[in-house]
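Student: Would you mind keeping the following structure in view while I ask a few things?
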Amino acid sequence: MNAQVHPLPSNTELDAFWMPFTANRQFKSGPRLLARAQGMHYWTADGREIMDGVAGLWCVNAGHGRREITEAVTRQLGTMEFAPTFQMGHPIAFELANRLSELAPSSLDRIFFTNSGSESVDTALKIALAYHRAKGAGQRTRFIGREKGYHGVGFGGTSVGGMVNNRKAFASAMLPGVDHLQHTLNIEHNAFSRGLPQWGAHLANELERLIALHDASTIAAVIVEPISGSGGVLLPPVGYLKRLREICDKNDILLIFDEVITGFGRVGKPFASLAFDVTPDLMTTAKGLTNGAIPMGAVFAHRKIYDACMQAPEGTIELFHGYTYSAHPVACAAALATLDIYKKEGLLTRAASLSPQWEDALHTLRGLPHVIDIRNYGLIGAVELEPRAGKPGARAFEVFVKCFEQGIMVRQTGDTIAMSPPLIIEPKQIARLLETLSSVIRQVA
Ligand SMILES: Cc1ncc(COP(=O)(O)O)c(C=O)c1O
């Protein structure tokens, strides 16, 4: 348990922190402050226990306050707090890359380290361009993203992303040559599906239309989240991802899976690519890689991509890209300790055994006032609420705030309440989480 708890800031002391993705003025007039965390719970600064229904922000997969991670980080800080990885190396970076390559689909065994999901996405986009250029196809510069997709906040990720509020203020600075597939959410056909929806595999065929419009020879890569989280928990219809894979293969287009939230056990396998048996060419990860303890991301690249880039003359830098903190030793230590916990406690597959109970508990909310859809897969769940007329998101925001007041932390995105609890959650905690949400939904008009 965190030993030291800082004193509460006064109202004026809240001003300096410009909070990310937050309604700053609203928050600062009624702050929700977390002070410590252990296992499945946070405690607020005034001592209230809050069950964590979102693994922090889809990242604390092994639960909070893991002693093994704290000890590994402390040890590493005491041994070597930093070492560069530009033209230098340190052993645990290589050890971690090897460990990760064993977890992923077998061909994705070349690992590039970053510090966040956003950096992983921009790195994957750049690697896709570098690959085609190395293969003599430097004219392949377009990217295809998807509506409602979220790929972080770099200019690359924002450009291929498909959430209008994240894009509109920066419209003039979006990457040129990006197009988007239609999203896969269809409440009319798929409301209250359990697991993957049956309707909608044909939506992948839209890629063929975009290829006909732009010509395959101009397209570098397609990027999608196998399951999108931030856009409101959108599930791939059965067969959809396989179809995308086939079309990409036929046209020499790389397929990138953004697994920043689906990676590290969230869907009952180490990665969604394994759960859905569709192997991308590049896979972006972050969050659960270090259990959220230290910022770190990783891009998994197919060996053919690495090999193509290694054709540059001996002694030249093959990829002019990297971060000061790529493979930061302290982050590597945190990641290795995290992988040990995942292995020892079987957490990378635990969601598969819990998901039937998770699904049943979620679907008990069907029929509550304003609930228009429920979506689930692995240990991901979403309850879609009917928007209030002229006030999109207001009803779900009220639910989110009331949930917090009544002892559970969920996530609101638009009119969706999303949940992704730590993978250590126990069946009775699933029941309590959903009972509280159900009670709050009944209280909100
Ligand atoms: C699918 C996906 N990609 C990228 C990101 C960005 O990650 P980060 O916030 O670590 O930059 C997120 C964050 O939620 C995400 O869900």
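Identifiers in the structure tokens: chain A, B, ... in order shown; residue index from 1 per chain; ligand index from 1 in order shown.
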At a cut-off of 10 Å, using only C-alpha atoms, what residues contact Ala337 (chain A)? Leave out same-chain residues fewer than 4 positions from it and give the result as a PyMOL selection string.
Tutor: chain A and resi 66-73+289-291+331-333+341-343
Student: Mind dumping the selected residues with N, CA and C atoms as an mmCIF file, in the first residue's frame?
Tutor:
data_model
loop_
_atom_site.group_PDB
_atom_site.id
_atom_site.type_symbol
_atom_site.label_atom_id
_atom_site.label_comp_id
_atom_site.auth_asym_id
_atom_site.auth_seq_id
_atom_site.Cartn_x
_atom_site.Cartn_y
_atom_site.Cartn_z
ATOM 1 N N ARG A 66 1.325 -3.535 -6.830
ATOM 2 C CA ARG A 66 2.021 -4.821 -6.888
ATOM 3 C C ARG A 66 3.458 -4.674 -6.385
ATOM 4 N N ARG A 67 3.711 -5.355 -5.278
ATOM 5 C CA ARG A 67 5.001 -5.251 -4.603
ATOM 6 C C ARG A 67 6.161 -5.652 -5.524
ATOM 7 N N GLU A 68 5.928 -6.699 -6.344
ATOM 8 C CA GLU A 68 7.010 -7.195 -7.211
ATOM 9 C C GLU A 68 7.481 -6.108 -8.185
ATOM 10 N N ILE A 69 6.537 -5.299 -8.656
ATOM 11 C CA ILE A 69 6.901 -4.231 -9.605
ATOM 12 C C ILE A 69 7.653 -3.128 -8.864
ATOM 13 N N THR A 70 7.126 -2.774 -7.699
ATOM 14 C CA THR A 70 7.797 -1.733 -6.895
ATOM 15 C C THR A 70 9.240 -2.146 -6.604
ATOM 16 N N GLU A 71 9.414 -3.407 -6.234
ATOM 17 C CA GLU A 71 10.769 -3.860 -5.881
ATOM 18 C C GLU A 71 11.680 -3.867 -7.116
ATOM 19 N N ALA A 72 11.153 -4.302 -8.258
ATOM 20 C CA ALA A 72 11.980 -4.349 -9.472
ATOM 21 C C ALA A 72 12.402 -2.934 -9.886
ATOM 22 N N VAL A 73 11.463 -2.005 -9.781
ATOM 23 C CA VAL A 73 11.755 -0.616 -10.150
ATOM 24 C C VAL A 73 12.792 -0.031 -9.183
ATOM 25 N N LEU A 289 1.530 -3.217 -20.494
ATOM 26 C CA LEU A 289 2.919 -3.690 -20.597
ATOM 27 C C LEU A 289 3.662 -3.539 -19.277
ATOM 28 N N THR A 290 3.414 -2.452 -18.561
ATOM 29 C CA THR A 290 4.073 -2.250 -17.259
ATOM 30 C C THR A 290 3.051 -2.175 -16.134
ATOM 31 N N ASN A 291 1.835 -2.647 -16.387
ATOM 32 C CA ASN A 291 0.752 -2.535 -15.396
ATOM 33 C C ASN A 291 0.488 -1.071 -15.050
ATOM 34 N N ALA A 331 11.671 1.303 -16.876
ATOM 35 C CA ALA A 331 10.445 0.795 -17.508
ATOM 36 C C ALA A 331 10.612 -0.676 -17.868
ATOM 37 N N CYS A 332 11.806 -1.044 -18.373
ATOM 38 C CA CYS A 332 12.062 -2.458 -18.697
ATOM 39 C C CYS A 332 11.916 -3.316 -17.441
ATOM 40 N N ALA A 333 12.449 -2.830 -16.324
ATOM 41 C CA ALA A 333 12.357 -3.600 -15.074
ATOM 42 C C ALA A 333 10.892 -3.757 -14.674
ATOM 43 N N ILE A 341 4.365 -11.499 -13.180
ATOM 44 C CA ILE A 341 3.081 -11.608 -12.449
ATOM 45 C C ILE A 341 2.023 -12.218 -13.371
ATOM 46 N N TYR A 342 1.948 -11.697 -14.599
ATOM 47 C CA TYR A 342 0.945 -12.212 -15.538
ATOM 48 C C TYR A 342 1.085 -13.729 -15.685
ATOM 49 N N LYS A 343 2.361 -14.163 -15.787
ATOM 50 C CA LYS A 343 2.604 -15.600 -15.993
ATOM 51 C C LYS A 343 2.237 -16.386 -14.734
#
Student: Need the shell around Asn251 (chain A): protein/DNA/RNA residues with any atom at most 12 Å away, counting only C-alpha atoms. Skip same-chain ones fewer than 5 positions apart. Format as an mmCIF file with N, CA, C and O atoms, in the first residue's frame?
Tutor:
data_model
loop_
_atom_site.group_PDB
_atom_site.id
_atom_site.type_symbol
_atom_site.label_atom_id
_atom_site.label_comp_id
_atom_site.auth_asym_id
_atom_site.auth_seq_id
_atom_site.Cartn_x
_atom_site.Cartn_y
_atom_site.Cartn_z
ATOM 1 N N ARG A 140 3.936 4.445 -51.690
ATOM 2 C CA ARG A 140 2.853 4.005 -50.788
ATOM 3 C C ARG A 140 2.911 4.860 -49.520
ATOM 4 O O ARG A 140 3.630 4.540 -48.574
ATOM 5 N N LEU A 207 -12.989 -1.398 -47.636
ATOM 6 C CA LEU A 207 -11.575 -1.197 -47.958
ATOM 7 C C LEU A 207 -11.345 -1.352 -49.457
ATOM 8 O O LEU A 207 -10.533 -0.643 -50.055
ATOM 9 N N GLU A 208 -12.067 -2.268 -50.065
ATOM 10 C CA GLU A 208 -11.913 -2.433 -51.520
ATOM 11 C C GLU A 208 -12.356 -1.175 -52.265
ATOM 12 O O GLU A 208 -11.765 -0.781 -53.264
ATOM 13 N N LEU A 210 -12.154 1.883 -51.102
ATOM 14 C CA LEU A 210 -11.108 2.902 -50.931
ATOM 15 C C LEU A 210 -9.888 2.582 -51.792
ATOM 16 O O LEU A 210 -9.225 3.483 -52.307
ATOM 17 N N ILE A 211 -9.619 1.279 -51.946
ATOM 18 C CA ILE A 211 -8.498 0.891 -52.810
ATOM 19 C C ILE A 211 -8.815 1.259 -54.263
ATOM 20 O O ILE A 211 -7.955 1.780 -54.996
ATOM 21 N N ALA A 212 -10.049 1.040 -54.666
ATOM 22 C CA ALA A 212 -10.439 1.393 -56.036
ATOM 23 C C ALA A 212 -10.329 2.912 -56.241
ATOM 24 O O ALA A 212 -9.972 3.379 -57.330
ATOM 25 N N ASP A 215 -6.118 3.647 -55.407
ATOM 26 C CA ASP A 215 -5.213 2.644 -55.970
ATOM 27 C C ASP A 215 -4.313 2.067 -54.875
ATOM 28 O O ASP A 215 -3.695 2.807 -54.103
ATOM 29 N N ALA A 216 -4.238 0.756 -54.857
ATOM 30 C CA ALA A 216 -3.455 0.072 -53.808
ATOM 31 C C ALA A 216 -2.019 0.572 -53.776
ATOM 32 O O ALA A 216 -1.401 0.650 -52.710
ATOM 33 N N SER A 217 -1.477 0.932 -54.936
ATOM 34 C CA SER A 217 -0.054 1.296 -54.996
ATOM 35 C C SER A 217 0.247 2.581 -54.229
ATOM 36 O O SER A 217 1.415 2.950 -54.084
ATOM 37 N N THR A 218 -0.791 3.296 -53.755
ATOM 38 C CA THR A 218 -0.534 4.521 -52.974
ATOM 39 C C THR A 218 -0.739 4.294 -51.471
ATOM 40 O O THR A 218 -0.522 5.197 -50.684
ATOM 41 N N ILE A 219 -1.184 3.088 -51.097
ATOM 42 C CA ILE A 219 -1.584 2.879 -49.694
ATOM 43 C C ILE A 219 -0.512 2.090 -48.938
ATOM 44 O O ILE A 219 -0.122 0.993 -49.356
ATOM 45 N N ALA A 220 -0.049 2.664 -47.825
ATOM 46 C CA ALA A 220 0.979 1.984 -47.023
ATOM 47 C C ALA A 220 0.348 0.996 -46.049
ATOM 48 O O ALA A 220 0.798 -0.140 -45.927
ATOM 49 N N ALA A 221 -0.674 1.436 -45.332
ATOM 50 C CA ALA A 221 -1.186 0.578 -44.247
ATOM 51 C C ALA A 221 -2.612 0.936 -43.868
ATOM 52 O O ALA A 221 -3.054 2.071 -44.062
ATOM 53 N N VAL A 222 -3.272 -0.068 -43.321
ATOM 54 C CA VAL A 222 -4.580 0.105 -42.681
ATOM 55 C C VAL A 222 -4.351 -0.055 -41.188
ATOM 56 O O VAL A 222 -3.661 -0.989 -40.772
ATOM 57 N N LEU A 244 -10.523 -7.982 -43.524
ATOM 58 C CA LEU A 244 -9.546 -6.893 -43.693
ATOM 59 C C LEU A 244 -8.173 -7.473 -44.028
ATOM 60 O O LEU A 244 -7.460 -6.964 -44.894
ATOM 61 N N ARG A 245 -7.818 -8.541 -43.311
ATOM 62 C CA ARG A 245 -6.515 -9.184 -43.527
ATOM 63 C C ARG A 245 -6.382 -9.676 -44.979
ATOM 64 O O ARG A 245 -5.367 -9.464 -45.631
ATOM 65 N N GLU A 246 -7.450 -10.329 -45.464
ATOM 66 C CA GLU A 246 -7.412 -10.860 -46.835
ATOM 67 C C GLU A 246 -7.225 -9.740 -47.859
ATOM 68 O O GLU A 246 -6.434 -9.860 -48.797
#
Student: What's the 8 Å shell around region 93-109 of chain A, counting only C-alpha atoms, without same-chain residues fewer than 6 positions away, as a PyMOL selection string?
Tutor: chain A and resi 270-271+273-274+279+281-283+300-303+327-329+332+335-336
Student: Quick check, in Å to one decimal: how far apart do CA of Gly157 (chain A) and CA of Asn186 (chain A) lie?
Tutor: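 Interatomic distance here is 24.3 Å.
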Student: Skip Pro9 (chain A) itself and residues of its chain fewer than 5 positions away, then list as number ranges by chain all residues within 12 Å of it, counting only C-alpha atoms.
Tutor: A: 14-17, 28, 31-35, 45-46
Student: Can you pull out every residue with an atom within 7 Å of ligand 1? Use only C-alpha atoms and all ligand atoms and format it as a list of chain:residue names.
Tutor: A:Ser116, A:Gly117, A:Ser118, A:Glu119, A:Val121, A:Tyr150, A:His151, A:Gly152, A:Val153, A:Glu225, A:Ser228, A:Gly229, A:Ser230, A:Asp258, A:Glu259, A:Val260, A:Ile261, A:Ala286, A:Lys287
Student: Which polymer residues have any atom within 10 Å of an atom of Thr158 (chain A), counting only C-alpha atoms, with same-chain residues fewer than 2 positions away left out, as JSON, numbers by chain?
Tutor: {"A": [118, 121, 122, 145, 149, 150, 151, 152, 153, 154, 155, 156, 160, 161, 162, 163, 164, 166, 167, 168, 170, 171, 173, 174, 175]}
Student: I want to know what sits within 8 Å of Leu348 (chain A), based on only C-alpha atoms, with residues of the same chain fewer than 2 positions away left out; could you give that as a list in words?
Tutor: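 The filter keeps Phe264, Gly265, Arg266, Gly268, Lys269, Pro270, Tyr342, Lys343, Gly346, Arg350 and Ala351 of chain A.
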Student: Show me, as a Markdown table, the residues of region 6-75 of chain A having an atom within 12 Å of region 362-379 of chain A, each with the closest atom pair and its distance in Å, using only C-alpha atoms.
Tutor:
| residue | atom | partner | partner_atom | distance |
| --- | --- | --- | --- | --- |
| A:Gly53 | CA | A:Leu379 | CA | 10.2 |
| A:Val54 | CA | A:Leu379 | CA | 9.9 |
| A:Ala55 | CA | A:Leu379 | CA | 10.6 |
| A:Trp58 | CA | A:Leu379 | CA | 10.5 |
| A:Asn61 | CA | A:Leu379 | CA | 10.3 |
Student: Just the selected residues (all heavy atoms), exported as a PDB file, in the first residue's frame, please.
Tutor:
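Heads up, here's the output in out.pdb:
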ATOM      1  N   GLY A  53     -13.207   0.000 -11.718  1.00  0.00           N
ATOM      2  CA  GLY A  53     -13.857  -0.723 -12.814  1.00  0.00           C
ATOM      3  C   GLY A  53     -13.193  -0.527 -14.156  1.00  0.00           C
ATOM      4  O   GLY A  53     -13.698  -1.016 -15.175  1.00  0.00           O
ATOM      5  N   VAL A  54     -12.077   0.195 -14.182  1.00  0.00           N
ATOM      6  CA  VAL A  54     -11.441   0.495 -15.479  1.00  0.00           C
ATOM      7  C   VAL A  54      -9.930   0.274 -15.491  1.00  0.00           C
ATOM      8  O   VAL A  54      -9.241   0.724 -16.399  1.00  0.00           O
ATOM      9  CB  VAL A  54     -11.734   1.958 -15.923  1.00  0.00           C
ATOM     10  CG1 VAL A  54     -13.065   2.040 -16.604  1.00  0.00           C
ATOM     11  CG2 VAL A  54     -11.686   2.932 -14.774  1.00  0.00           C
ATOM     12  N   ALA A  55      -9.427  -0.451 -14.455  1.00  0.00           N
ATOM     13  CA  ALA A  55      -7.981  -0.700 -14.390  1.00  0.00           C
ATOM     14  C   ALA A  55      -7.201   0.613 -14.584  1.00  0.00           C
ATOM     15  O   ALA A  55      -6.306   0.716 -15.421  1.00  0.00           O
ATOM     16  CB  ALA A  55      -7.548  -1.761 -15.412  1.00  0.00           C
ATOM     17  N   TRP A  58      -7.463   1.523 -18.343  1.00  0.00           N
ATOM     18  CA  TRP A  58      -7.222   0.312 -19.133  1.00  0.00           C
ATOM     19  C   TRP A  58      -5.771  -0.160 -19.020  1.00  0.00           C
ATOM     20  O   TRP A  58      -5.235  -0.721 -19.969  1.00  0.00           O
ATOM     21  CB  TRP A  58      -7.513   0.540 -20.621  1.00  0.00           C
ATOM     22  CG  TRP A  58      -8.839   1.086 -21.008  1.00  0.00           C
ATOM     23  CD1 TRP A  58      -9.239   2.377 -20.904  1.00  0.00           C
ATOM     24  CD2 TRP A  58      -9.944   0.383 -21.619  1.00  0.00           C
ATOM     25  NE1 TRP A  58     -10.518   2.523 -21.401  1.00  0.00           N
ATOM     26  CE2 TRP A  58     -10.968   1.314 -21.851  1.00  0.00           C
ATOM     27  CE3 TRP A  58     -10.138  -0.955 -21.988  1.00  0.00           C
ATOM     28  CZ2 TRP A  58     -12.183   0.977 -22.423  1.00  0.00           C
ATOM     29  CZ3 TRP A  58     -11.347  -1.295 -22.578  1.00  0.00           C
ATOM     30  CH2 TRP A  58     -12.349  -0.326 -22.786  1.00  0.00           C
ATOM     31  N   ASN A  61      -3.646  -3.958 -15.264  1.00  0.00           N
ATOM     32  CA  ASN A  61      -4.267  -5.264 -15.470  1.00  0.00           C
ATOM     33  C   ASN A  61      -4.041  -6.228 -14.310  1.00  0.00           C
ATOM     34  O   ASN A  61      -4.862  -7.108 -14.066  1.00  0.00           O
ATOM     35  CB  ASN A  61      -3.744  -5.885 -16.779  1.00  0.00           C
ATOM     36  CG  ASN A  61      -4.309  -5.185 -17.998  1.00  0.00           C
ATOM     37  OD1 ASN A  61      -5.050  -4.214 -17.876  1.00  0.00           O
ATOM     38  ND2 ASN A  61      -3.962  -5.666 -19.185  1.00  0.00           N
TER      39      ASN A  61
END
Student: Compile the contact shell of Gly414 (chain A) as a ChimeraX atom specification: residues with an atom at most 12 Å away, counting only C-alpha atoms, same-chain residues fewer than 2 positions apart removed.
Tutor: /A:148,163-165,229-233,382-388,391-400,411-412,416-418
Student: Taking into account only C-alpha atoms, which residue in the set A:Leu437, A:Leu196, A:Ile380, A:Ile424 is nearest to Gln406 (chain A)?
Tutor: A:Leu437
Student: Using only C-alpha atoms, which residue out of A:Leu423, A:Val299, A:Ile223, A:Ala275 lies closest to Met40 (chain A)?
Tutor: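 Under the stated criterion, the closest residue is A:Leu423.
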Student: Would you give me, as CSV, each residue of region 90-155 of chain A having an atom within 12 Å of an atom of region 76-81 of chain A, along with its shortest atom pair and that distance in Å to one decimal, using only C-alpha atoms and sorting by chain and residue number?
Tutor:
residue,atom,partner,partner_atom,distance
A:His90,CA,A:Met80,CA,9.8
A:Pro91,CA,A:Met80,CA,11.4
A:Ile92,CA,A:Gln76,CA,10.1
Student: For all heavy atoms, I'd like the residues from the last selection saved as an mmCIF file, in the first residue's frame.
Tutor:
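What landed in part_4.cif:
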data_model
loop_
_atom_site.group_PDB
_atom_site.id
_atom_site.type_symbol
_atom_site.label_atom_id
_atom_site.label_comp_id
_atom_site.auth_asym_id
_atom_site.auth_seq_id
_atom_site.Cartn_x
_atom_site.Cartn_y
_atom_site.Cartn_z
ATOM 1 N N HIS A 90 21.591 -2.033 -23.149
ATOM 2 C CA HIS A 90 21.724 -2.580 -21.797
ATOM 3 C C HIS A 90 20.925 -3.886 -21.755
ATOM 4 O O HIS A 90 19.912 -4.030 -22.451
ATOM 5 C CB HIS A 90 21.289 -1.575 -20.729
ATOM 6 C CG HIS A 90 19.877 -1.103 -20.848
ATOM 7 N ND1 HIS A 90 18.814 -1.783 -20.316
ATOM 8 C CD2 HIS A 90 19.351 -0.015 -21.468
ATOM 9 C CE1 HIS A 90 17.697 -1.129 -20.577
ATOM 10 N NE2 HIS A 90 17.990 -0.060 -21.295
ATOM 11 N N PRO A 91 21.381 -4.854 -20.959
ATOM 12 C CA PRO A 91 20.855 -6.224 -21.093
ATOM 13 C C PRO A 91 19.356 -6.374 -20.935
ATOM 14 O O PRO A 91 18.729 -7.131 -21.681
ATOM 15 C CB PRO A 91 21.600 -7.002 -19.999
ATOM 16 C CG PRO A 91 22.833 -6.212 -19.731
ATOM 17 C CD PRO A 91 22.509 -4.775 -20.018
ATOM 18 N N ILE A 92 18.713 -5.660 -19.986
ATOM 19 C CA ILE A 92 17.303 -6.004 -19.774
ATOM 20 C C ILE A 92 16.409 -5.530 -20.911
ATOM 21 O O ILE A 92 15.305 -6.028 -21.077
ATOM 22 C CB ILE A 92 16.749 -5.581 -18.385
ATOM 23 C CG1 ILE A 92 16.798 -4.093 -18.183
ATOM 24 C CG2 ILE A 92 17.417 -6.329 -17.272
ATOM 25 C CD1 ILE A 92 16.054 -3.677 -16.904
#
Student: Quick check for you: according to DSSP on this backbone, which residues of region 4-198 of chain A are classed as helix (DSSP H, G or I)? Reply as an MDAnalysis selection string.
Tutor: chainID A and resid 11:14 24:29 55:58 67:79 91:103 117:134 155:160 164:173 187:190
Student: At what distance in Å, to one decimal, does CA of Phe143 (chain A) lie from CA of Val178 (chain A)?
Tutor: 4.9 Å
